[in-house]
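First comes the structure, then the notes that go with it.
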Amino acid sequence: MPDGQTISTPVLAAEGISKSFGLVPVLFSVSMDIRVGEVHALIGENGAGKSTLMKILSGFHQPTAGHILLDGRETKLPSNGETEALGIVLIHQELNLAEQMTVEENVFLGRELRKGAALDRARMRDMVQGYLDEIGLSLSPSDRIADLSIAEKQMVEIVKAISREARVLIMDEPTAALTEAETELFFAQIERLKAQGVAVIFVSHKLNEVQAISDRVTILRDGQWIGTHDAKDLTLDAMAQLMVGRELSDLYPPISEVDVDAEVVLEVEGLFAPGVEGVSFGLRKGEVLGFSGLIGAGRSAVFEAICGINPVDGGVIRVDGDVTHFRSVASARDAGLVYLTKDRKEKGLLLEQKMRPNLTLLALPQFIRNFSIDRKAEEAALTRAIRRFDIRARDPNVNVGDLSGGNQQKLLLAKVMEVEPRILIIDEPTRGIDVGTKQQIYHFIAAIAAEGVSVVVISSEMPEIIGVSHRVVVMREGQITGILSGDDINEAEIVRYAAGLKRETFHD
């Protein structure tokens, strides 16, 4: 809280909130309060009930039991976003902006100012410019949303909240797609809002950010309130343990050595493609090869070209020693190479479909019997996948869009593993998921590598790359600047290569 500010009546509070969907309970008598001018973090594993509680506090869901208090008075929040009139604004993880409209048009969308029968564009433009100046954002009201970076779009959401005179701002994973520099700028705006007395609920799986920005932290586990603590009293390990209810000292599994005589299963020489300039590397059987670098360095572009998603402009790709040119994802799949996209919601899963068709889509030819799909074989595959990957769903027939982010990611892993790949490329394997599910995914990667599957891990999280990789390829501006192994796999060394402070001429 700002210096000198006394603890006042909470602006918004939940008392004994329970929620069930049909016969399935998801929250059990949860209580928390949010005070003027504080950042209150809400953390927990995927499926802990965070999203449900946020939607109740913003009026999108009504509680089955319990009470909501606004300024100390019991109230029933209006639904469908109408709580914004009360100063309670929810910023979803998937930003709610009209891409082809301007900043000004988005800020006033649905509540445009008028001068007689016409829109008062001059007044709206001046007001938006004032908001932009207030938070120090160098954008124009006339800028089109589609032309902005993710960080700038996130800032526009804050401008929308300011324009609605937000008293409570609820943010779901606001930094998930931001770089470190963008996150610092974003946090500076949060501090501005705090100083103005805005109460912020901050939902994130990035515990270091929770520790850095929060005044208090509330932990949920399995739909139940575990505790509320001052952030300064919690270490990162303590937060993680409260979230999952167990020690996480073995977050990263032991890395077994790759056989010195292991064959090179994927060899790339002088690859040129959109965003890629002369990349060369090799991948051995049973190896976990990390790809690190700043966002935009070309890491994903390398494998989108290799897997046939984007065209190859030059270079040689060999699989098991044979020169190969994949023209589609299907041809790569048939050769035993699969790519797990970083964008699970847009490109990885069919959110409006059930789990079964999502699981078997990539491996569909395996389930064709007499020109039709063998539903029993699909159901058996789903039962195995739920057990093997610990996919937790209230109902196996639930739409995938209703699963938590962690369970969606585990389903996506199960989907690509259904084709029994020999080379698995995982792009941002733990983006937007909790620490407990991260641990599961890291151990899964180690287990399949030990079985002889070759794995590429592309990640923006430095500890993740260091924790799971046998070797680390560092990229900058579409080129490889270094390939690190052994004691050289450390944060300082990776940053030097990623920032262009070091560069090696090497042969893999």
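By convention here, the chains of the structure tokens are called A, B, ... in the order presented, each chain's residues are numbered starting at 1, and ligands are numbered starting at 1 in the order presented.
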Identify, on the basis of only C-alpha atoms, every residue whose closest approach to Glu263 in chain A does not exceed 12 Å; exclude the query and any residue fewer than 2 positions from it along the same chain; express the result as a PDB file with C-alpha atoms, in the first residue's frame.
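Everything below was put into part-v3.pdb:
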```pdb
ATOM      1  CA  VAL A 258      22.966 -38.748 -23.458  1.00  0.00           C
ATOM      2  CA  ASP A 259      24.877 -41.757 -24.786  1.00  0.00           C
ATOM      3  CA  VAL A 260      28.149 -40.494 -26.294  1.00  0.00           C
ATOM      4  CA  ASP A 261      27.503 -42.714 -29.313  1.00  0.00           C
ATOM      5  CA  VAL A 265      18.374 -37.967 -35.665  1.00  0.00           C
ATOM      6  CA  LEU A 266      17.862 -34.400 -36.936  1.00  0.00           C
ATOM      7  CA  GLU A 267      20.546 -32.410 -38.700  1.00  0.00           C
ATOM      8  CA  GLY A 282      22.105 -31.320 -34.697  1.00  0.00           C
ATOM      9  CA  LEU A 283      19.782 -33.219 -32.361  1.00  0.00           C
ATOM     10  CA  ARG A 284      20.774 -36.586 -30.892  1.00  0.00           C
ATOM     11  CA  LYS A 285      18.580 -39.515 -29.953  1.00  0.00           C
ATOM     12  CA  GLY A 286      17.292 -39.142 -26.383  1.00  0.00           C
ATOM     13  CA  GLU A 287      18.554 -35.565 -26.089  1.00  0.00           C
ATOM     14  CA  VAL A 319      16.241 -36.925 -40.619  1.00  0.00           C
ATOM     15  CA  ASP A 320      18.132 -40.113 -39.747  1.00  0.00           C
ATOM     16  CA  GLY A 321      20.758 -39.092 -42.310  1.00  0.00           C
ATOM     17  CA  GLY A 452      14.881 -42.459 -26.596  1.00  0.00           C
ATOM     18  CA  VAL A 453      12.594 -39.707 -27.895  1.00  0.00           C
ATOM     19  CA  SER A 454      14.532 -36.624 -29.001  1.00  0.00           C
TER      20      SER A 454
END
```
> Which parts of range 98-308 of chain A does DSSP call alpha helix (DSSP H) when run on the backbone here, written out as a PyMOL selection string?
Replying inline: chain A and resi 103-107+121-134+150-163+180-195+207-213+236-244+299-306
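Contact shell of Gly72 in chain A at 8 Å (only C-alpha atoms; same-chain neighbours under 2 positions omitted): Thr9, Pro10, Val11, Leu12, Ala13, Leu69, Leu70 and Glu74 of chain A.
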Take the selection from the previous step and output its residues with N, CA, C and O atoms, as an mmCIF file, in the first residue's frame.
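As written to disk, result.cif reads:
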```
data_model
loop_
_atom_site.group_PDB
_atom_site.id
_atom_site.type_symbol
_atom_site.label_atom_id
_atom_site.label_comp_id
_atom_site.auth_asym_id
_atom_site.auth_seq_id
_atom_site.Cartn_x
_atom_site.Cartn_y
_atom_site.Cartn_z
ATOM 1 N N THR A 9 -11.755 0.033 5.227
ATOM 2 C CA THR A 9 -12.738 -0.981 4.880
ATOM 3 C C THR A 9 -12.453 -1.489 3.475
ATOM 4 O O THR A 9 -12.219 -0.692 2.562
ATOM 5 N N PRO A 10 -12.451 -2.792 3.271
ATOM 6 C CA PRO A 10 -12.198 -3.322 1.923
ATOM 7 C C PRO A 10 -13.201 -2.748 0.931
ATOM 8 O O PRO A 10 -14.393 -2.598 1.243
ATOM 9 N N VAL A 11 -12.711 -2.411 -0.263
ATOM 10 C CA VAL A 11 -13.617 -1.911 -1.287
ATOM 11 C C VAL A 11 -14.475 -3.047 -1.832
ATOM 12 O O VAL A 11 -15.647 -2.852 -2.167
ATOM 13 N N LEU A 12 -13.914 -4.262 -1.894
ATOM 14 C CA LEU A 12 -14.647 -5.425 -2.407
ATOM 15 C C LEU A 12 -14.254 -6.643 -1.581
ATOM 16 O O LEU A 12 -13.076 -6.824 -1.258
ATOM 17 N N ALA A 13 -15.226 -7.466 -1.231
ATOM 18 C CA ALA A 13 -14.933 -8.645 -0.411
ATOM 19 C C ALA A 13 -15.853 -9.797 -0.793
ATOM 20 O O ALA A 13 -17.003 -9.599 -1.195
ATOM 21 N N LEU A 69 -19.519 -8.228 -0.811
ATOM 22 C CA LEU A 69 -19.659 -6.937 -0.162
ATOM 23 C C LEU A 69 -18.933 -5.879 -0.980
ATOM 24 O O LEU A 69 -17.772 -6.076 -1.370
ATOM 25 N N LEU A 70 -19.615 -4.779 -1.251
ATOM 26 C CA LEU A 70 -19.020 -3.644 -1.939
ATOM 27 C C LEU A 70 -19.084 -2.459 -0.981
ATOM 28 O O LEU A 70 -20.160 -2.075 -0.534
ATOM 29 N N GLU A 74 -23.475 -5.630 1.701
ATOM 30 C CA GLU A 74 -23.780 -6.800 0.889
ATOM 31 C C GLU A 74 -24.489 -6.360 -0.391
ATOM 32 O O GLU A 74 -25.381 -5.500 -0.375
#
```
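CA of Pro78 in chain A is found 9.0 Å from CA of Gln62 in chain A.
Of the residues listed (A:Thr437, A:Asn397, A:Gln93, A:Thr83), A:Asn397 shows the shortest atom-to-atom separation from Thr383 in chain A; distances use only C-alpha atoms.
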> Which one of A:Phe444, A:Phe371, A:Trp225, A:Phe186 sits closest to Val288 in chain A if you count only C-alpha atoms?
Replying inline: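 Closest residue, counting only C-alpha atoms: A:Phe444.
When only C-alpha atoms are used to measure the gap to Ala393 in chain A, the shortest distance among A:Ala297, A:Met355, A:Ala262, A:Ile190 belongs to A:Met355.
Note that CA of Lys342 in chain A and CA of Thr430 in chain A are 8.9 Å apart.
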> Which polymer residues have any atom within 12 Å of an atom of Pro25 in chain A, counting only C-alpha atoms, with same-chain residues fewer than 4 positions away left out, as an MDAnalysis selection string?
Replying inline: chainID A and resid 17:21 29 47:49 52 63:65 222:224 394
Hey, can you spit out that residue selection with N, CA, C and O atoms as a PDB file, in the first residue's frame?
```
ATOM      1  N   ILE A  17     -17.846 -17.717  -0.100  1.00  0.00           N
ATOM      2  CA  ILE A  17     -18.362 -17.956  -1.451  1.00  0.00           C
ATOM      3  C   ILE A  17     -18.185 -19.427  -1.846  1.00  0.00           C
ATOM      4  O   ILE A  17     -17.081 -19.967  -1.793  1.00  0.00           O
ATOM      5  N   SER A  18     -19.276 -20.044  -2.244  1.00  0.00           N
ATOM      6  CA  SER A  18     -19.255 -21.384  -2.830  1.00  0.00           C
ATOM      7  C   SER A  18     -19.893 -21.311  -4.209  1.00  0.00           C
ATOM      8  O   SER A  18     -20.751 -20.461  -4.471  1.00  0.00           O
ATOM      9  N   LYS A  19     -19.445 -22.210  -5.088  1.00  0.00           N
ATOM     10  CA  LYS A  19     -19.997 -22.239  -6.430  1.00  0.00           C
ATOM     11  C   LYS A  19     -20.008 -23.659  -6.958  1.00  0.00           C
ATOM     12  O   LYS A  19     -19.014 -24.380  -6.871  1.00  0.00           O
ATOM     13  N   SER A  20     -21.147 -24.060  -7.513  1.00  0.00           N
ATOM     14  CA  SER A  20     -21.276 -25.362  -8.170  1.00  0.00           C
ATOM     15  C   SER A  20     -21.806 -25.137  -9.575  1.00  0.00           C
ATOM     16  O   SER A  20     -22.608 -24.234  -9.819  1.00  0.00           O
ATOM     17  N   PHE A  21     -21.323 -25.952 -10.506  1.00  0.00           N
ATOM     18  CA  PHE A  21     -21.871 -26.002 -11.854  1.00  0.00           C
ATOM     19  C   PHE A  21     -22.635 -27.318 -11.974  1.00  0.00           C
ATOM     20  O   PHE A  21     -22.023 -28.389 -12.025  1.00  0.00           O
ATOM     21  N   SER A  29     -16.712 -22.255   0.172  1.00  0.00           N
ATOM     22  CA  SER A  29     -16.672 -21.266   1.255  1.00  0.00           C
ATOM     23  C   SER A  29     -15.370 -20.454   1.254  1.00  0.00           C
ATOM     24  O   SER A  29     -14.641 -20.408   2.248  1.00  0.00           O
ATOM     25  N   GLY A  47      -7.132 -25.089 -12.143  1.00  0.00           N
ATOM     26  CA  GLY A  47      -8.254 -25.834 -11.592  1.00  0.00           C
ATOM     27  C   GLY A  47      -8.497 -25.555 -10.123  1.00  0.00           C
ATOM     28  O   GLY A  47      -9.396 -26.153  -9.525  1.00  0.00           O
ATOM     29  N   ALA A  48      -7.725 -24.620  -9.532  1.00  0.00           N
ATOM     30  CA  ALA A  48      -7.894 -24.322  -8.109  1.00  0.00           C
ATOM     31  C   ALA A  48      -9.148 -23.503  -7.840  1.00  0.00           C
ATOM     32  O   ALA A  48      -9.609 -23.426  -6.700  1.00  0.00           O
ATOM     33  N   GLY A  49      -9.701 -22.852  -8.879  1.00  0.00           N
ATOM     34  CA  GLY A  49     -10.902 -22.051  -8.704  1.00  0.00           C
ATOM     35  C   GLY A  49     -10.680 -20.560  -8.883  1.00  0.00           C
ATOM     36  O   GLY A  49     -11.596 -19.763  -8.659  1.00  0.00           O
ATOM     37  N   THR A  52     -13.000 -18.924 -11.585  1.00  0.00           N
ATOM     38  CA  THR A  52     -14.380 -18.883 -11.109  1.00  0.00           C
ATOM     39  C   THR A  52     -14.568 -17.765 -10.090  1.00  0.00           C
ATOM     40  O   THR A  52     -15.544 -17.003 -10.155  1.00  0.00           O
ATOM     41  N   PRO A  63     -22.694 -16.520  -7.203  1.00  0.00           N
ATOM     42  CA  PRO A  63     -22.318 -17.595  -6.275  1.00  0.00           C
ATOM     43  C   PRO A  63     -23.501 -18.478  -5.924  1.00  0.00           C
ATOM     44  O   PRO A  63     -24.653 -18.033  -5.925  1.00  0.00           O
ATOM     45  N   THR A  64     -23.186 -19.756  -5.643  1.00  0.00           N
ATOM     46  CA  THR A  64     -24.224 -20.677  -5.157  1.00  0.00           C
ATOM     47  C   THR A  64     -24.555 -20.381  -3.708  1.00  0.00           C
ATOM     48  O   THR A  64     -25.697 -20.525  -3.264  1.00  0.00           O
ATOM     49  N   ALA A  65     -23.544 -19.959  -2.941  1.00  0.00           N
ATOM     50  CA  ALA A  65     -23.731 -19.590  -1.538  1.00  0.00           C
ATOM     51  C   ALA A  65     -22.693 -18.530  -1.189  1.00  0.00           C
ATOM     52  O   ALA A  65     -21.679 -18.379  -1.867  1.00  0.00           O
ATOM     53  N   ASP A 222      -7.661 -26.588  -4.891  1.00  0.00           N
ATOM     54  CA  ASP A 222      -8.820 -27.471  -5.046  1.00  0.00           C
ATOM     55  C   ASP A 222     -10.115 -26.789  -4.617  1.00  0.00           C
ATOM     56  O   ASP A 222     -10.976 -27.392  -3.971  1.00  0.00           O
ATOM     57  N   GLY A 223     -10.250 -25.500  -4.988  1.00  0.00           N
ATOM     58  CA  GLY A 223     -11.474 -24.772  -4.700  1.00  0.00           C
ATOM     59  C   GLY A 223     -11.605 -24.265  -3.282  1.00  0.00           C
ATOM     60  O   GLY A 223     -12.654 -23.720  -2.919  1.00  0.00           O
ATOM     61  N   GLN A 224     -10.580 -24.413  -2.476  1.00  0.00           N
ATOM     62  CA  GLN A 224     -10.643 -24.006  -1.081  1.00  0.00           C
ATOM     63  C   GLN A 224      -9.619 -22.925  -0.773  1.00  0.00           C
ATOM     64  O   GLN A 224      -8.541 -22.871  -1.364  1.00  0.00           O
ATOM     65  N   ARG A 394     -13.951 -32.207 -14.877  1.00  0.00           N
ATOM     66  CA  ARG A 394     -15.168 -32.591 -14.140  1.00  0.00           C
ATOM     67  C   ARG A 394     -15.913 -33.694 -14.861  1.00  0.00           C
ATOM     68  O   ARG A 394     -16.559 -34.539 -14.247  1.00  0.00           O
TER      69      ARG A 394
END
```
>> Using DSSP secondary structure from the backbone, list all strand (DSSP E) positions within range 235-280 of chain A, as a list in words.
In response: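 Answer for range 235-280 of chain A restricted to strand (DSSP E) is Val264, Val265, Leu266, Glu267, Val268, Glu269, Gly270, Leu271, Phe272, Ala273, Val276, Glu277, Gly278, Val279 and Ser280 of chain A.
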> If you count only C-alpha atoms, which residues fall within 8 Å of Arg476 in chain A, apart from same-chain ones fewer than 6 positions away, as a ChimeraX atom specification?
Replying inline: /A:293-294,297-298,497-500
May I have the residues from that selection written out with all heavy atoms, as a PDB file, in the first residue's frame?
```pdb
ATOM      1  N   GLY A 293      16.664 -17.439 -26.242  1.00  0.00           N
ATOM      2  CA  GLY A 293      16.855 -16.176 -26.939  1.00  0.00           C
ATOM      3  C   GLY A 293      15.702 -15.248 -26.655  1.00  0.00           C
ATOM      4  O   GLY A 293      14.672 -15.659 -26.120  1.00  0.00           O
ATOM      5  N   LEU A 294      15.877 -13.982 -26.987  1.00  0.00           N
ATOM      6  CA  LEU A 294      14.816 -13.011 -26.764  1.00  0.00           C
ATOM      7  C   LEU A 294      13.636 -13.297 -27.691  1.00  0.00           C
ATOM      8  O   LEU A 294      13.795 -13.918 -28.742  1.00  0.00           O
ATOM      9  CB  LEU A 294      15.340 -11.597 -27.014  1.00  0.00           C
ATOM     10  CG  LEU A 294      16.548 -11.173 -26.169  1.00  0.00           C
ATOM     11  CD1 LEU A 294      17.013  -9.791 -26.583  1.00  0.00           C
ATOM     12  CD2 LEU A 294      16.229 -11.218 -24.686  1.00  0.00           C
ATOM     13  N   ALA A 297      13.645 -13.714 -31.677  1.00  0.00           N
ATOM     14  CA  ALA A 297      14.982 -14.120 -32.117  1.00  0.00           C
ATOM     15  C   ALA A 297      14.945 -15.137 -33.251  1.00  0.00           C
ATOM     16  O   ALA A 297      15.948 -15.367 -33.913  1.00  0.00           O
ATOM     17  CB  ALA A 297      15.771 -14.705 -30.933  1.00  0.00           C
ATOM     18  N   GLY A 298      13.774 -15.760 -33.465  1.00  0.00           N
ATOM     19  CA  GLY A 298      13.648 -16.718 -34.559  1.00  0.00           C
ATOM     20  C   GLY A 298      13.566 -18.164 -34.133  1.00  0.00           C
ATOM     21  O   GLY A 298      13.596 -19.067 -34.978  1.00  0.00           O
ATOM     22  N   TYR A 497      24.976 -14.361 -24.896  1.00  0.00           N
ATOM     23  CA  TYR A 497      24.773 -14.756 -26.296  1.00  0.00           C
ATOM     24  C   TYR A 497      23.468 -14.190 -26.851  1.00  0.00           C
ATOM     25  O   TYR A 497      23.398 -13.772 -28.011  1.00  0.00           O
ATOM     26  CB  TYR A 497      24.773 -16.279 -26.417  1.00  0.00           C
ATOM     27  CG  TYR A 497      26.153 -16.894 -26.351  1.00  0.00           C
ATOM     28  CD1 TYR A 497      26.609 -17.504 -25.186  1.00  0.00           C
ATOM     29  CD2 TYR A 497      27.003 -16.863 -27.447  1.00  0.00           C
ATOM     30  CE1 TYR A 497      27.873 -18.062 -25.122  1.00  0.00           C
ATOM     31  CE2 TYR A 497      28.275 -17.417 -27.394  1.00  0.00           C
ATOM     32  CZ  TYR A 497      28.705 -18.020 -26.222  1.00  0.00           C
ATOM     33  OH  TYR A 497      29.955 -18.560 -26.169  1.00  0.00           O
ATOM     34  N   ALA A 498      22.406 -14.167 -26.016  1.00  0.00           N
ATOM     35  CA  ALA A 498      21.103 -13.674 -26.479  1.00  0.00           C
ATOM     36  C   ALA A 498      21.148 -12.174 -26.774  1.00  0.00           C
ATOM     37  O   ALA A 498      20.457 -11.684 -27.672  1.00  0.00           O
ATOM     38  CB  ALA A 498      20.023 -13.979 -25.447  1.00  0.00           C
ATOM     39  N   ALA A 499      21.968 -11.442 -26.013  1.00  0.00           N
ATOM     40  CA  ALA A 499      22.059  -9.990 -26.177  1.00  0.00           C
ATOM     41  C   ALA A 499      23.095  -9.578 -27.210  1.00  0.00           C
ATOM     42  O   ALA A 499      23.241  -8.388 -27.502  1.00  0.00           O
ATOM     43  CB  ALA A 499      22.380  -9.347 -24.839  1.00  0.00           C
ATOM     44  N   GLY A 500      23.829 -10.543 -27.762  1.00  0.00           N
ATOM     45  CA  GLY A 500      24.836 -10.228 -28.768  1.00  0.00           C
ATOM     46  C   GLY A 500      26.173  -9.812 -28.198  1.00  0.00           C
ATOM     47  O   GLY A 500      27.047  -9.328 -28.933  1.00  0.00           O
TER      48      GLY A 500
END
```
> Which value, in Å to one decimal, gives the distance between CA of Leu178 in chain A and CA of Leu90 in chain A?
Replying inline: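 Between CA of Leu178 in chain A and CA of Leu90 in chain A the gap is 18.7 Å.
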> When distances are computed from only C-alpha atoms, which of A:Val302, A:Gln129, A:Arg123, A:Ala98 shows the smallest separation from Arg144 in chain A?
Replying inline: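 Closest candidate: A:Ala98.
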> range 322-327 of chain A: which residues within 8 Å, counting only C-alpha atoms, same-chain residues fewer than 3 positions away excluded, as a ChimeraX atom specification?
Replying inline: /A:306-309,311,316-319,331-332
